[in-house]
file structure_19.csv (CSV, C-alpha atoms)
chain,number,residue,atom,x,y,z
A,1398,MET,CA,68.2,66.7,102.5
A,1399,LYS,CA,70.2,67.7,105.6
A,1400,ILE,CA,71.1,71.4,106.2
A,1401,GLU,CA,73.6,72.2,108.9
A,1402,ILE,CA,74.1,75.7,110.2
A,1403,LEU,CA,77.5,76.2,111.9
A,1404,GLY,CA,77.9,79.1,114.2
A,1405,THR,CA,78.4,79.7,117.9
A,1406,GLY,CA,75.1,81.5,118.4
A,1407,CYS,CA,76.0,85.1,117.6
A,1408,PRO,CA,73.5,87.4,115.8
A,1409,LYS,CA,75.0,86.6,112.3
A,1410,CYS,CA,74.5,82.9,112.9
A,1411,LYS,CA,70.9,83.4,114.1
A,1412,ILE,CA,70.1,85.4,111.0
A,1413,THR,CA,71.6,82.6,108.9
A,1414,GLU,CA,69.4,80.1,110.6
A,1415,LYS,CA,66.3,82.3,110.1
A,1416,ASN,CA,67.1,82.7,106.4
A,1417,VAL,CA,67.7,79.0,105.9
A,1418,ARG,CA,64.3,78.2,107.5
A,1419,LYS,CA,62.7,80.9,105.3
A,1420,ALA,CA,64.2,79.5,102.1
A,1421,VAL,CA,63.1,76.0,103.0
A,1422,ASP,CA,59.6,77.1,103.8
A,1423,GLU,CA,59.3,79.2,100.6
A,1424,LEU,CA,60.4,76.3,98.5
A,1425,GLY,CA,58.1,73.9,100.3
A,1426,ILE,CA,60.8,71.2,100.5
A,1427,GLN,CA,61.5,68.7,103.2
A,1428,ALA,CA,64.8,69.2,105.0
A,1429,GLU,CA,66.4,68.4,108.3
A,1430,ILE,CA,67.8,71.6,109.7
A,1431,VAL,CA,70.5,71.2,112.3
A,1432,LYS,CA,72.3,73.9,114.2
A,1433,ILE,CA,75.9,73.2,115.3
A,1434,GLU,CA,77.1,75.6,118.0
A,1435,ASP,CA,80.1,73.7,119.5
A,1436,LEU,CA,83.2,75.5,118.5
A,1437,GLN,CA,85.4,72.4,118.5
A,1438,GLU,CA,83.0,70.6,116.2
A,1439,ILE,CA,82.9,73.6,113.9
A,1440,VAL,CA,86.7,73.8,113.5
A,1441,ASN,CA,86.9,70.0,113.2
A,1442,ARG,CA,84.7,70.4,110.1
A,1443,GLY,CA,87.4,72.6,108.5
A,1444,VAL,CA,85.4,75.8,109.1
A,1445,MET,CA,87.5,78.7,110.5
A,1446,MET,CA,85.0,81.4,109.5
A,1447,THR,CA,81.3,81.4,110.5
A,1448,PRO,CA,78.4,81.4,109.8
A,1449,ALA,CA,78.7,78.4,107.6
A,1450,VAL,CA,76.0,76.3,105.9
A,1451,PHE,CA,76.5,72.7,104.9
A,1452,ILE,CA,74.1,70.9,102.6
A,1453,ASP,CA,74.3,67.1,102.7
A,1454,GLY,CA,77.8,67.3,104.2
A,1455,GLN,CA,79.3,69.8,101.8
A,1456,ALA,CA,80.2,73.4,102.8
A,1457,LYS,CA,78.2,75.8,100.5
A,1458,ILE,CA,78.5,79.0,102.5
A,1459,VAL,CA,81.4,80.0,104.7
A,1460,GLY,CA,82.1,83.3,106.4
A,1461,HIS,CA,79.0,85.4,105.4
A,1462,VAL,CA,75.3,85.6,106.1
A,1463,PRO,CA,73.5,84.2,103.1
A,1464,SER,CA,70.2,85.8,102.0
A,1465,PRO,CA,67.1,83.6,101.6
A,1466,ASN,CA,67.5,83.9,97.8
A,1467,GLU,CA,71.1,82.7,97.9
A,1468,ILE,CA,70.1,79.7,100.0
A,1469,LYS,CA,67.1,79.0,97.7
A,1470,LYS,CA,69.5,78.9,94.6
A,1471,LEU,CA,71.7,76.4,96.4
A,1472,LEU,CA,68.8,74.2,97.4
A,1473,GLN,CA,67.4,74.3,93.9
A,1474,LYS,CA,70.7,73.0,92.5
A,1475,LYS,CA,70.3,69.8,94.7
B,304,MET,CA,93.4,79.5,117.9
B,305,LYS,CA,93.2,83.2,118.5
B,306,LYS,CA,89.4,83.3,118.3
B,307,ASP,CA,88.1,81.0,121.0
B,308,LYS,CA,84.5,82.2,121.3
B,309,CYS,CA,83.2,83.2,117.9
B,310,LEU,CA,84.5,82.8,114.4
B,311,CYS,CA,82.2,85.4,112.8
B,312,GLU,CA,84.8,88.1,112.5
B,313,ALA,CA,86.0,86.8,109.1
B,314,ASP,CA,89.5,87.4,107.9
B,315,GLU,CA,89.6,89.4,104.7
B,316,VAL,CA,92.9,87.8,103.8
B,317,LEU,CA,93.7,84.1,103.9
B,318,ILE,CA,97.3,82.9,103.7
B,319,PHE,CA,98.2,79.5,102.4
B,320,PRO,CA,101.9,78.5,102.7
B,321,CYS,CA,103.2,75.5,100.9
B,322,SER,CA,104.8,74.3,104.1
B,323,GLY,CA,107.0,72.0,102.0
B,324,GLY,CA,109.8,69.7,103.1
B,325,SER,CA,112.7,72.1,102.6
B,326,ASN,CA,114.1,75.2,104.2
B,327,VAL,CA,112.1,77.4,101.8
B,328,GLY,CA,108.9,75.5,102.5
B,329,GLN,CA,109.3,76.0,106.2
B,330,ILE,CA,110.2,79.6,105.7
B,331,ALA,CA,106.9,80.0,103.9
B,332,ASN,CA,105.1,78.3,106.8
B,333,GLU,CA,106.9,80.4,109.4
B,334,THR,CA,106.1,83.6,107.4
B,335,ALA,CA,102.4,82.7,107.3
B,336,LYS,CA,102.4,82.0,111.1
B,337,ARG,CA,103.9,85.4,111.8
B,338,LEU,CA,101.7,87.3,109.4
B,339,SER,CA,98.7,85.7,111.0
B,340,SER,CA,99.9,86.5,114.5
B,341,GLN,CA,100.3,90.1,113.4
B,342,GLY,CA,96.8,90.2,112.1
B,343,ILE,CA,97.8,90.7,108.4
B,344,GLY,CA,95.6,87.8,107.5
B,345,GLY,CA,94.4,84.4,108.7
B,346,MET,CA,96.7,81.4,108.1
B,347,SER,CA,94.8,78.6,106.5
B,348,CYS,CA,95.5,75.0,105.6
B,349,LEU,CA,96.7,74.1,102.1
B,350,ALA,CA,96.3,70.4,103.0
B,351,GLY,CA,92.6,71.1,103.6
B,352,ILE,CA,92.3,72.4,100.0
B,353,GLY,CA,94.3,69.5,98.6
B,354,GLY,CA,92.1,67.1,100.7
B,355,HIS,CA,88.9,68.6,99.2
B,356,ILE,CA,87.6,69.7,102.6
B,357,SER,CA,84.8,71.8,101.4
B,358,GLY,CA,84.9,74.3,104.3
B,359,PHE,CA,88.5,75.4,103.5
B,360,ALA,CA,87.8,75.7,99.8
B,361,GLU,CA,84.6,77.6,100.2
B,362,ALA,CA,86.2,80.0,102.6
B,363,ALA,CA,89.1,80.6,100.1
B,364,ARG,CA,86.6,81.3,97.3
B,365,ASN,CA,84.7,83.9,99.3
B,366,VAL,CA,87.5,85.8,101.0
B,367,LYS,CA,88.7,89.2,99.6
B,368,LYS,CA,92.3,88.2,99.1
B,369,VAL,CA,94.1,84.8,98.9
B,370,VAL,CA,97.8,84.8,99.5
B,371,ALA,CA,99.9,81.8,98.3
B,372,ILE,CA,103.4,81.5,99.7
B,373,ASP,CA,105.5,79.0,97.8
B,374,GLY,CA,108.9,77.9,98.8
B,375,CYS,CA,110.2,77.1,95.3
B,376,PRO,CA,109.4,77.4,91.6
B,377,VAL,CA,107.3,74.2,91.7
B,378,HIS,CA,104.5,76.5,92.9
B,379,CYS,CA,102.6,73.7,94.8
B,380,ALA,CA,100.5,76.2,96.9
B,381,ARG,CA,99.4,78.3,93.9
B,382,LYS,CA,98.6,75.2,91.8
B,383,THR,CA,96.7,73.4,94.6
B,384,LEU,CA,94.5,76.5,95.2
B,385,GLU,CA,93.9,77.0,91.5
B,386,HIS,CA,93.0,73.4,91.0
B,387,ALA,CA,90.3,73.9,93.7
B,388,GLU,CA,89.1,77.0,91.8
B,389,CYS,CA,90.3,79.3,94.6
B,390,PRO,CA,91.8,82.3,92.7
B,391,VAL,CA,95.2,83.5,94.1
B,392,THR,CA,95.5,87.3,94.6
B,393,VAL,CA,99.0,87.5,95.9
B,394,HIS,CA,101.7,85.0,95.1
B,395,VAL,CA,105.2,85.1,96.7
B,396,VAL,CA,107.9,82.5,95.9
B,397,VAL,CA,110.7,82.3,98.6
B,398,THR,CA,113.4,81.4,96.1
B,399,ASP,CA,112.6,84.4,93.9
B,400,LEU,CA,113.8,86.5,96.8
B,401,GLY,CA,117.3,85.1,96.5
B,402,ILE,CA,116.9,82.4,99.2
B,403,ARG,CA,118.4,79.1,98.1
B,404,LYS,CA,116.5,75.9,98.6
B,405,THR,CA,118.3,73.4,100.8
B,406,SER,CA,117.4,70.6,103.3
B,407,ASP,CA,118.8,72.6,106.2
B,408,PHE,CA,115.9,73.4,108.6
B,409,HIS,CA,117.7,76.0,110.7
B,410,LEU,CA,115.7,79.0,109.5
B,411,ASP,CA,117.1,82.5,109.5
B,412,ASP,CA,114.8,85.3,110.9
B,413,LYS,CA,116.2,87.6,108.2
B,414,ASP,CA,114.9,85.3,105.5
B,415,ILE,CA,111.4,85.2,107.1
B,416,ASP,CA,111.4,89.0,107.4
B,417,LYS,CA,112.2,89.3,103.7
B,418,VAL,CA,109.3,87.0,102.7
B,419,LYS,CA,107.0,88.7,105.2
B,420,ASN,CA,107.8,92.1,103.7
B,421,ALA,CA,107.3,90.8,100.2
B,422,VAL,CA,103.8,89.6,101.1
B,423,LYS,CA,103.0,92.9,102.8
B,424,GLU,CA,104.2,94.9,99.8
B,425,LYS,CA,102.1,92.9,97.3
B,426,LEU,CA,99.1,93.1,99.5
B,427,LYS,CA,99.3,96.9,99.3
B,428,LYS,CA,98.9,96.9,95.6
call {"tool": "encode", "arguments": {"input": "structure_19.csv", "output": "C-alpha cells"}}
result
Amino acid sequence: MKIEILGTGCPKCKITEKNVRKAVDELGIQAEIVKIEDLQEIVNRGVMMTPAVFIDGQAKIVGHVPSPNEIKKLLQKK
Amino acid sequence: MKKDKCLCEADEVLIFPCSGGSNVGQIANETAKRLSSQGIGGMSCLAGIGGHISGFAEAARNVKKVVAIDGCPVHCARKTLEHAECPVTVHVVVTDLGIRKTSDFHLDDKDIDKVKNAVKEKLKK
C-alpha cells in the first residue's frame, strides 16, 4: 500500500503526516509513506486544498487534517 | 493561482461553472472567475469532477458549500456534481435570470453582474 501526504510543509501538513504514521503503526500494516511538498506537483494532482492524503493513487482526504482514527478507518477499508 | 505558497487555507465555498459552449455557459464561467477573485469562494474544475479526478471530487464532498452555475436548463454542472456524489448547496441557472442562450460570445458585464448577485443572494440563505 502506498500512502502519499500532499502538503507544502506547514504545521497542518506535518500533523497529517504524524497522524498517518501513527495510524499505520497502530494497525501494524506495511505501507510506503511518501510526502509530496512540491506545490506544482500537488496542483497537478488536482488538489487545490491541502493537506491531502492519497491511498494507492486515490484522494481520500482533501482540505482537512485527519485524525489517526479517520485514517485507520480508511486503511481498514483497503 | 492566488495561493502560491500554501494551499492549507481551504475555501469554504467551491464554485463549479458549467463553462459550456454558448454565451450563457461562458457567462457562468466568467461569473465564477469574478466571484473567486472577490474571495466569495474558490473556482474549481467541473471537468475534474467529470474526469473522475479524485482530488477534485473529494474536495467538493468536504467543503461547506458547493455552488453550481449552469448556463441553461440542461443543468450539466449540477448533474455532473451529483453523479460524483458531491451535493450541490446553491444552484443558479443563467437562463432563469432572463438571459437568452445564443452562440454569441460577446458577453455583457450586466449579465455577469446579474448572475454574480444571484449567487451571492443564494449563499446568504
call {"tool": "interface_residues", "arguments": {"input": "structure_19.csv", "of": "chain A", "to": "chain B", "cutoff": "10 Å", "atoms": "only C-alpha atoms", "output": "PyMOL selection string"}}
result
chain A and resi 1403-1410+1434-1437+1439-1440+1442-1451+1454-1462
call {"tool": "atom_distance", "arguments": {"input": "structure_19.csv", "atom1": "atom CA of B:Lys423", "atom2": "atom CA of B:Phe408"}}
result
24.1 Å
call {"tool": "closest_residue", "arguments": {"input": "structure_19.csv", "among": "B:Ala380, B:Ala387, B:Val369, B:Ala335", "to": "B:His355", "atoms": "only C-alpha atoms"}}
result
B:Ala387
call {"tool": "residues_around", "arguments": {"input": "structure_19.csv", "residues": "B:Asp407", "least_positions_apart": "2", "cutoff": "10 Å", "atoms": "all atoms listed in the file", "output": "number ranges by chain"}}
result
B: 324-327, 404-405, 409-410
call {"tool": "closest_residue", "arguments": {"input": "structure_19.csv", "among": "B:Ile330, B:Leu384, B:Val370, B:Leu317", "to": "B:Val418", "atoms": "all atoms listed in the file"}}
result
B:Ile330
call {"tool": "residues_around", "arguments": {"input": "structure_19.csv", "residues": "B:Glu333", "least_positions_apart": "5", "cutoff": "12 Å", "atoms": "only C-alpha atoms", "output": "PyMOL selection string"}}
result
chain B and resi 318-323+326-328+338-340+346+372-374+397+408-419
call {"tool": "write_last_selection", "arguments": {"input": "structure_19.csv", "atoms": "C-alpha atoms", "output": "PDB file, in the coordinates of the input"}}
result
ATOM      1  CA  ILE B 318      97.300  82.900 103.700  1.00  0.00           C
ATOM      2  CA  PHE B 319      98.200  79.500 102.400  1.00  0.00           C
ATOM      3  CA  PRO B 320     101.900  78.500 102.700  1.00  0.00           C
ATOM      4  CA  CYS B 321     103.200  75.500 100.900  1.00  0.00           C
ATOM      5  CA  SER B 322     104.800  74.300 104.100  1.00  0.00           C
ATOM      6  CA  GLY B 323     107.000  72.000 102.000  1.00  0.00           C
ATOM      7  CA  ASN B 326     114.100  75.200 104.200  1.00  0.00           C
ATOM      8  CA  VAL B 327     112.100  77.400 101.800  1.00  0.00           C
ATOM      9  CA  GLY B 328     108.900  75.500 102.500  1.00  0.00           C
ATOM     10  CA  LEU B 338     101.700  87.300 109.400  1.00  0.00           C
ATOM     11  CA  SER B 339      98.700  85.700 111.000  1.00  0.00           C
ATOM     12  CA  SER B 340      99.900  86.500 114.500  1.00  0.00           C
ATOM     13  CA  MET B 346      96.700  81.400 108.100  1.00  0.00           C
ATOM     14  CA  ILE B 372     103.400  81.500  99.700  1.00  0.00           C
ATOM     15  CA  ASP B 373     105.500  79.000  97.800  1.00  0.00           C
ATOM     16  CA  GLY B 374     108.900  77.900  98.800  1.00  0.00           C
ATOM     17  CA  VAL B 397     110.700  82.300  98.600  1.00  0.00           C
ATOM     18  CA  PHE B 408     115.900  73.400 108.600  1.00  0.00           C
ATOM     19  CA  HIS B 409     117.700  76.000 110.700  1.00  0.00           C
ATOM     20  CA  LEU B 410     115.700  79.000 109.500  1.00  0.00           C
ATOM     21  CA  ASP B 411     117.100  82.500 109.500  1.00  0.00           C
ATOM     22  CA  ASP B 412     114.800  85.300 110.900  1.00  0.00           C
ATOM     23  CA  LYS B 413     116.200  87.600 108.200  1.00  0.00           C
ATOM     24  CA  ASP B 414     114.900  85.300 105.500  1.00  0.00           C
ATOM     25  CA  ILE B 415     111.400  85.200 107.100  1.00  0.00           C
ATOM     26  CA  ASP B 416     111.400  89.000 107.400  1.00  0.00           C
ATOM     27  CA  LYS B 417     112.200  89.300 103.700  1.00  0.00           C
ATOM     28  CA  VAL B 418     109.300  87.000 102.700  1.00  0.00           C
ATOM     29  CA  LYS B 419     107.000  88.700 105.200  1.00  0.00           C
TER      30      LYS B 419
END
call {"tool": "residues_around", "arguments": {"input": "structure_19.csv", "residues": "A:Arg1418", "least_positions_apart": "4", "cutoff": "9 Å", "atoms": "only C-alpha atoms", "output": "number ranges by chain"}}
result
A: 1413-1414, 1422-1423, 1430, 1465
call {"tool": "closest_residue", "arguments": {"input": "structure_19.csv", "among": "B:Lys382, B:Arg337, B:Cys389, B:Gly353", "to": "B:Asn420", "atoms": "all atoms listed in the file"}}
result
B:Arg337
call {"tool": "atom_distance", "arguments": {"input": "structure_19.csv", "atom1": "atom CA of A:Leu1472", "atom2": "atom CA of A:Ile1402"}}
result
13.9 Å
call {"tool": "atom_distance", "arguments": {"input": "structure_19.csv", "atom1": "atom CA of B:Cys375", "atom2": "atom CA of B:Leu400"}}
result
10.2 Å
call {"tool": "residues_around", "arguments": {"input": "structure_19.csv", "residues": "A:Lys1419", "least_positions_apart": "5", "cutoff": "12 Å", "atoms": "all atoms listed in the file", "output": "list of chain:residue names"}}
result
A:Ile1412, A:Thr1413, A:Glu1414, A:Leu1424, A:Gly1425, A:Ile1426, A:Ala1428, A:Ile1430, A:Pro1463, A:Ser1464, A:Pro1465, A:Asn1466, A:Glu1467, A:Ile1468, A:Lys1469
call {"tool": "decode", "arguments": {"input": "structure_19.csv", "residues": "stretch 343-388 of chain B", "atoms": "N, CA and C atoms", "output": "PDB file, in the first residue's frame"}}
result
ATOM      1  N   ILE B 343     -15.262  35.294  -2.745  1.00  0.00           N
ATOM      2  CA  ILE B 343     -16.559  34.734  -2.339  1.00  0.00           C
ATOM      3  C   ILE B 343     -16.459  33.211  -2.222  1.00  0.00           C
ATOM      4  N   GLY B 344     -15.593  32.641  -3.000  1.00  0.00           N
ATOM      5  CA  GLY B 344     -15.377  31.190  -2.965  1.00  0.00           C
ATOM      6  C   GLY B 344     -14.219  30.852  -3.884  1.00  0.00           C
ATOM      7  N   GLY B 345     -13.905  29.595  -3.973  1.00  0.00           N
ATOM      8  CA  GLY B 345     -12.822  29.182  -4.855  1.00  0.00           C
ATOM      9  C   GLY B 345     -13.398  28.546  -6.106  1.00  0.00           C
ATOM     10  N   MET B 346     -13.008  29.066  -7.251  1.00  0.00           N
ATOM     11  CA  MET B 346     -13.473  28.451  -8.501  1.00  0.00           C
ATOM     12  C   MET B 346     -12.802  27.092  -8.653  1.00  0.00           C
ATOM     13  N   SER B 347     -13.588  26.097  -8.973  1.00  0.00           N
ATOM     14  CA  SER B 347     -12.998  24.779  -9.167  1.00  0.00           C
ATOM     15  C   SER B 347     -13.291  24.280 -10.576  1.00  0.00           C
ATOM     16  N   CYS B 348     -13.023  23.014 -10.806  1.00  0.00           N
ATOM     17  CA  CYS B 348     -12.953  22.497 -12.164  1.00  0.00           C
ATOM     18  C   CYS B 348     -13.983  21.387 -12.377  1.00  0.00           C
ATOM     19  N   LEU B 349     -15.035  21.709 -13.101  1.00  0.00           N
ATOM     20  CA  LEU B 349     -16.082  20.712 -13.349  1.00  0.00           C
ATOM     21  C   LEU B 349     -15.544  19.557 -14.199  1.00  0.00           C
ATOM     22  N   ALA B 350     -14.602  19.872 -15.079  1.00  0.00           N
ATOM     23  CA  ALA B 350     -14.005  18.806 -15.903  1.00  0.00           C
ATOM     24  C   ALA B 350     -13.276  17.797 -15.017  1.00  0.00           C
ATOM     25  N   GLY B 351     -12.695  18.282 -13.919  1.00  0.00           N
ATOM     26  CA  GLY B 351     -12.025  17.382 -12.972  1.00  0.00           C
ATOM     27  C   GLY B 351     -13.006  16.433 -12.319  1.00  0.00           C
ATOM     28  N   ILE B 352     -14.204  16.925 -12.049  1.00  0.00           N
ATOM     29  CA  ILE B 352     -15.244  16.067 -11.466  1.00  0.00           C
ATOM     30  C   ILE B 352     -15.692  15.034 -12.508  1.00  0.00           C
ATOM     31  N   GLY B 353     -15.966  15.530 -13.706  1.00  0.00           N
ATOM     32  CA  GLY B 353     -16.412  14.631 -14.780  1.00  0.00           C
ATOM     33  C   GLY B 353     -15.344  13.612 -15.163  1.00  0.00           C
ATOM     34  N   GLY B 354     -14.091  14.008 -15.024  1.00  0.00           N
ATOM     35  CA  GLY B 354     -12.974  13.123 -15.360  1.00  0.00           C
ATOM     36  C   GLY B 354     -12.593  12.177 -14.233  1.00  0.00           C
ATOM     37  N   HIS B 355     -13.392  12.179 -13.160  1.00  0.00           N
ATOM     38  CA  HIS B 355     -13.152  11.288 -12.007  1.00  0.00           C
ATOM     39  C   HIS B 355     -11.780  11.528 -11.389  1.00  0.00           C
ATOM     40  N   ILE B 356     -11.334  12.775 -11.339  1.00  0.00           N
ATOM     41  CA  ILE B 356     -10.076  13.099 -10.673  1.00  0.00           C
ATOM     42  C   ILE B 356     -10.390  13.186  -9.180  1.00  0.00           C
ATOM     43  N   SER B 357      -9.868  12.248  -8.426  1.00  0.00           N
ATOM     44  CA  SER B 357     -10.349  12.077  -7.045  1.00  0.00           C
ATOM     45  C   SER B 357     -10.122  13.305  -6.169  1.00  0.00           C
ATOM     46  N   GLY B 358      -9.058  14.062  -6.436  1.00  0.00           N
ATOM     47  CA  GLY B 358      -8.776  15.248  -5.614  1.00  0.00           C
ATOM     48  C   GLY B 358      -9.883  16.281  -5.697  1.00  0.00           C
ATOM     49  N   PHE B 359     -10.402  16.499  -6.888  1.00  0.00           N
ATOM     50  CA  PHE B 359     -11.483  17.480  -7.065  1.00  0.00           C
ATOM     51  C   PHE B 359     -12.758  17.019  -6.365  1.00  0.00           C
ATOM     52  N   ALA B 360     -13.106  15.747  -6.576  1.00  0.00           N
ATOM     53  CA  ALA B 360     -14.358  15.236  -6.012  1.00  0.00           C
ATOM     54  C   ALA B 360     -14.294  15.204  -4.487  1.00  0.00           C
ATOM     55  N   GLU B 361     -13.175  14.781  -3.957  1.00  0.00           N
ATOM     56  CA  GLU B 361     -13.042  14.682  -2.505  1.00  0.00           C
ATOM     57  C   GLU B 361     -13.125  16.078  -1.874  1.00  0.00           C
ATOM     58  N   ALA B 362     -12.538  17.071  -2.536  1.00  0.00           N
ATOM     59  CA  ALA B 362     -12.626  18.444  -2.030  1.00  0.00           C
ATOM     60  C   ALA B 362     -14.074  18.914  -2.027  1.00  0.00           C
ATOM     61  N   ALA B 363     -14.806  18.610  -3.097  1.00  0.00           N
ATOM     62  CA  ALA B 363     -16.200  19.059  -3.206  1.00  0.00           C
ATOM     63  C   ALA B 363     -17.095  18.367  -2.176  1.00  0.00           C
ATOM     64  N   ARG B 364     -16.739  17.147  -1.805  1.00  0.00           N
ATOM     65  CA  ARG B 364     -17.546  16.426  -0.808  1.00  0.00           C
ATOM     66  C   ARG B 364     -17.316  16.962   0.602  1.00  0.00           C
ATOM     67  N   ASN B 365     -16.203  17.630   0.812  1.00  0.00           N
ATOM     68  CA  ASN B 365     -15.851  18.038   2.175  1.00  0.00           C
ATOM     69  C   ASN B 365     -15.939  19.537   2.438  1.00  0.00           C
ATOM     70  N   VAL B 366     -16.274  20.292   1.411  1.00  0.00           N
ATOM     71  CA  VAL B 366     -16.361  21.733   1.587  1.00  0.00           C
ATOM     72  C   VAL B 366     -17.730  22.088   2.177  1.00  0.00           C
ATOM     73  N   LYS B 367     -17.834  23.279   2.802  1.00  0.00           N
ATOM     74  CA  LYS B 367     -19.117  23.644   3.419  1.00  0.00           C
ATOM     75  C   LYS B 367     -20.224  23.845   2.382  1.00  0.00           C
ATOM     76  N   LYS B 368     -19.906  24.584   1.322  1.00  0.00           N
ATOM     77  CA  LYS B 368     -20.928  24.860   0.310  1.00  0.00           C
ATOM     78  C   LYS B 368     -20.378  24.629  -1.102  1.00  0.00           C
ATOM     79  N   VAL B 369     -21.201  23.994  -1.921  1.00  0.00           N
ATOM     80  CA  VAL B 369     -20.847  23.785  -3.324  1.00  0.00           C
ATOM     81  C   VAL B 369     -21.829  24.582  -4.182  1.00  0.00           C
ATOM     82  N   VAL B 370     -21.288  25.471  -5.000  1.00  0.00           N
ATOM     83  CA  VAL B 370     -22.122  26.283  -5.895  1.00  0.00           C
ATOM     84  C   VAL B 370     -21.985  25.737  -7.318  1.00  0.00           C
ATOM     85  N   ALA B 371     -23.111  25.419  -7.935  1.00  0.00           N
ATOM     86  CA  ALA B 371     -23.108  25.029  -9.351  1.00  0.00           C
ATOM     87  C   ALA B 371     -23.749  26.164 -10.142  1.00  0.00           C
ATOM     88  N   ILE B 372     -23.029  26.670 -11.134  1.00  0.00           N
ATOM     89  CA  ILE B 372     -23.613  27.692 -12.015  1.00  0.00           C
ATOM     90  C   ILE B 372     -23.790  27.066 -13.391  1.00  0.00           C
ATOM     91  N   ASP B 373     -25.039  26.865 -13.746  1.00  0.00           N
ATOM     92  CA  ASP B 373     -25.356  26.302 -15.059  1.00  0.00           C
ATOM     93  C   ASP B 373     -25.786  27.416 -15.999  1.00  0.00           C
ATOM     94  N   GLY B 374     -25.409  27.271 -17.258  1.00  0.00           N
ATOM     95  CA  GLY B 374     -25.829  28.263 -18.235  1.00  0.00           C
ATOM     96  C   GLY B 374     -27.293  28.100 -18.614  1.00  0.00           C
ATOM     97  N   CYS B 375     -27.713  26.859 -18.775  1.00  0.00           N
ATOM     98  CA  CYS B 375     -29.040  26.617 -19.345  1.00  0.00           C
ATOM     99  C   CYS B 375     -29.765  25.489 -18.606  1.00  0.00           C
ATOM    100  N   PRO B 376     -30.995  25.212 -18.967  1.00  0.00           N
ATOM    101  CA  PRO B 376     -31.788  24.215 -18.216  1.00  0.00           C
ATOM    102  C   PRO B 376     -31.307  22.767 -18.365  1.00  0.00           C
ATOM    103  N   VAL B 377     -30.299  22.516 -19.154  1.00  0.00           N
ATOM    104  CA  VAL B 377     -29.765  21.147 -19.239  1.00  0.00           C
ATOM    105  C   VAL B 377     -29.099  20.758 -17.909  1.00  0.00           C
ATOM    106  N   HIS B 378     -28.631  21.762 -17.170  1.00  0.00           N
ATOM    107  CA  HIS B 378     -28.098  21.547 -15.809  1.00  0.00           C
ATOM    108  C   HIS B 378     -26.897  20.606 -15.765  1.00  0.00           C
ATOM    109  N   CYS B 379     -25.983  20.736 -16.712  1.00  0.00           N
ATOM    110  CA  CYS B 379     -24.821  19.825 -16.761  1.00  0.00           C
ATOM    111  C   CYS B 379     -23.968  19.911 -15.497  1.00  0.00           C
ATOM    112  N   ALA B 380     -23.757  21.125 -14.988  1.00  0.00           N
ATOM    113  CA  ALA B 380     -22.890  21.270 -13.805  1.00  0.00           C
ATOM    114  C   ALA B 380     -23.495  20.551 -12.599  1.00  0.00           C
ATOM    115  N   ARG B 381     -24.777  20.834 -12.336  1.00  0.00           N
ATOM    116  CA  ARG B 381     -25.423  20.196 -11.186  1.00  0.00           C
ATOM    117  C   ARG B 381     -25.438  18.673 -11.336  1.00  0.00           C
ATOM    118  N   LYS B 382     -25.785  18.198 -12.527  1.00  0.00           N
ATOM    119  CA  LYS B 382     -25.875  16.752 -12.742  1.00  0.00           C
ATOM    120  C   LYS B 382     -24.506  16.080 -12.624  1.00  0.00           C
ATOM    121  N   THR B 383     -23.483  16.740 -13.139  1.00  0.00           N
ATOM    122  CA  THR B 383     -22.122  16.162 -13.055  1.00  0.00           C
ATOM    123  C   THR B 383     -21.699  16.039 -11.597  1.00  0.00           C
ATOM    124  N   LEU B 384     -21.969  17.094 -10.816  1.00  0.00           N
ATOM    125  CA  LEU B 384     -21.597  17.059  -9.388  1.00  0.00           C
ATOM    126  C   LEU B 384     -22.383  15.975  -8.651  1.00  0.00           C
ATOM    127  N   GLU B 385     -23.661  15.911  -8.916  1.00  0.00           N
ATOM    128  CA  GLU B 385     -24.482  14.918  -8.219  1.00  0.00           C
ATOM    129  C   GLU B 385     -24.089  13.490  -8.614  1.00  0.00           C
ATOM    130  N   HIS B 386     -23.727  13.314  -9.866  1.00  0.00           N
ATOM    131  CA  HIS B 386     -23.290  11.993 -10.334  1.00  0.00           C
ATOM    132  C   HIS B 386     -22.039  11.536  -9.571  1.00  0.00           C
ATOM    133  N   ALA B 387     -21.209  12.519  -9.197  1.00  0.00           N
ATOM    134  CA  ALA B 387     -19.977  12.205  -8.443  1.00  0.00           C
ATOM    135  C   ALA B 387     -20.225  12.238  -6.931  1.00  0.00           C
ATOM    136  N   GLU B 388     -21.488  12.278  -6.548  1.00  0.00           N
ATOM    137  CA  GLU B 388     -21.875  12.292  -5.128  1.00  0.00           C
ATOM    138  C   GLU B 388     -21.312  13.511  -4.391  1.00  0.00           C
TER     139      GLU B 388
END
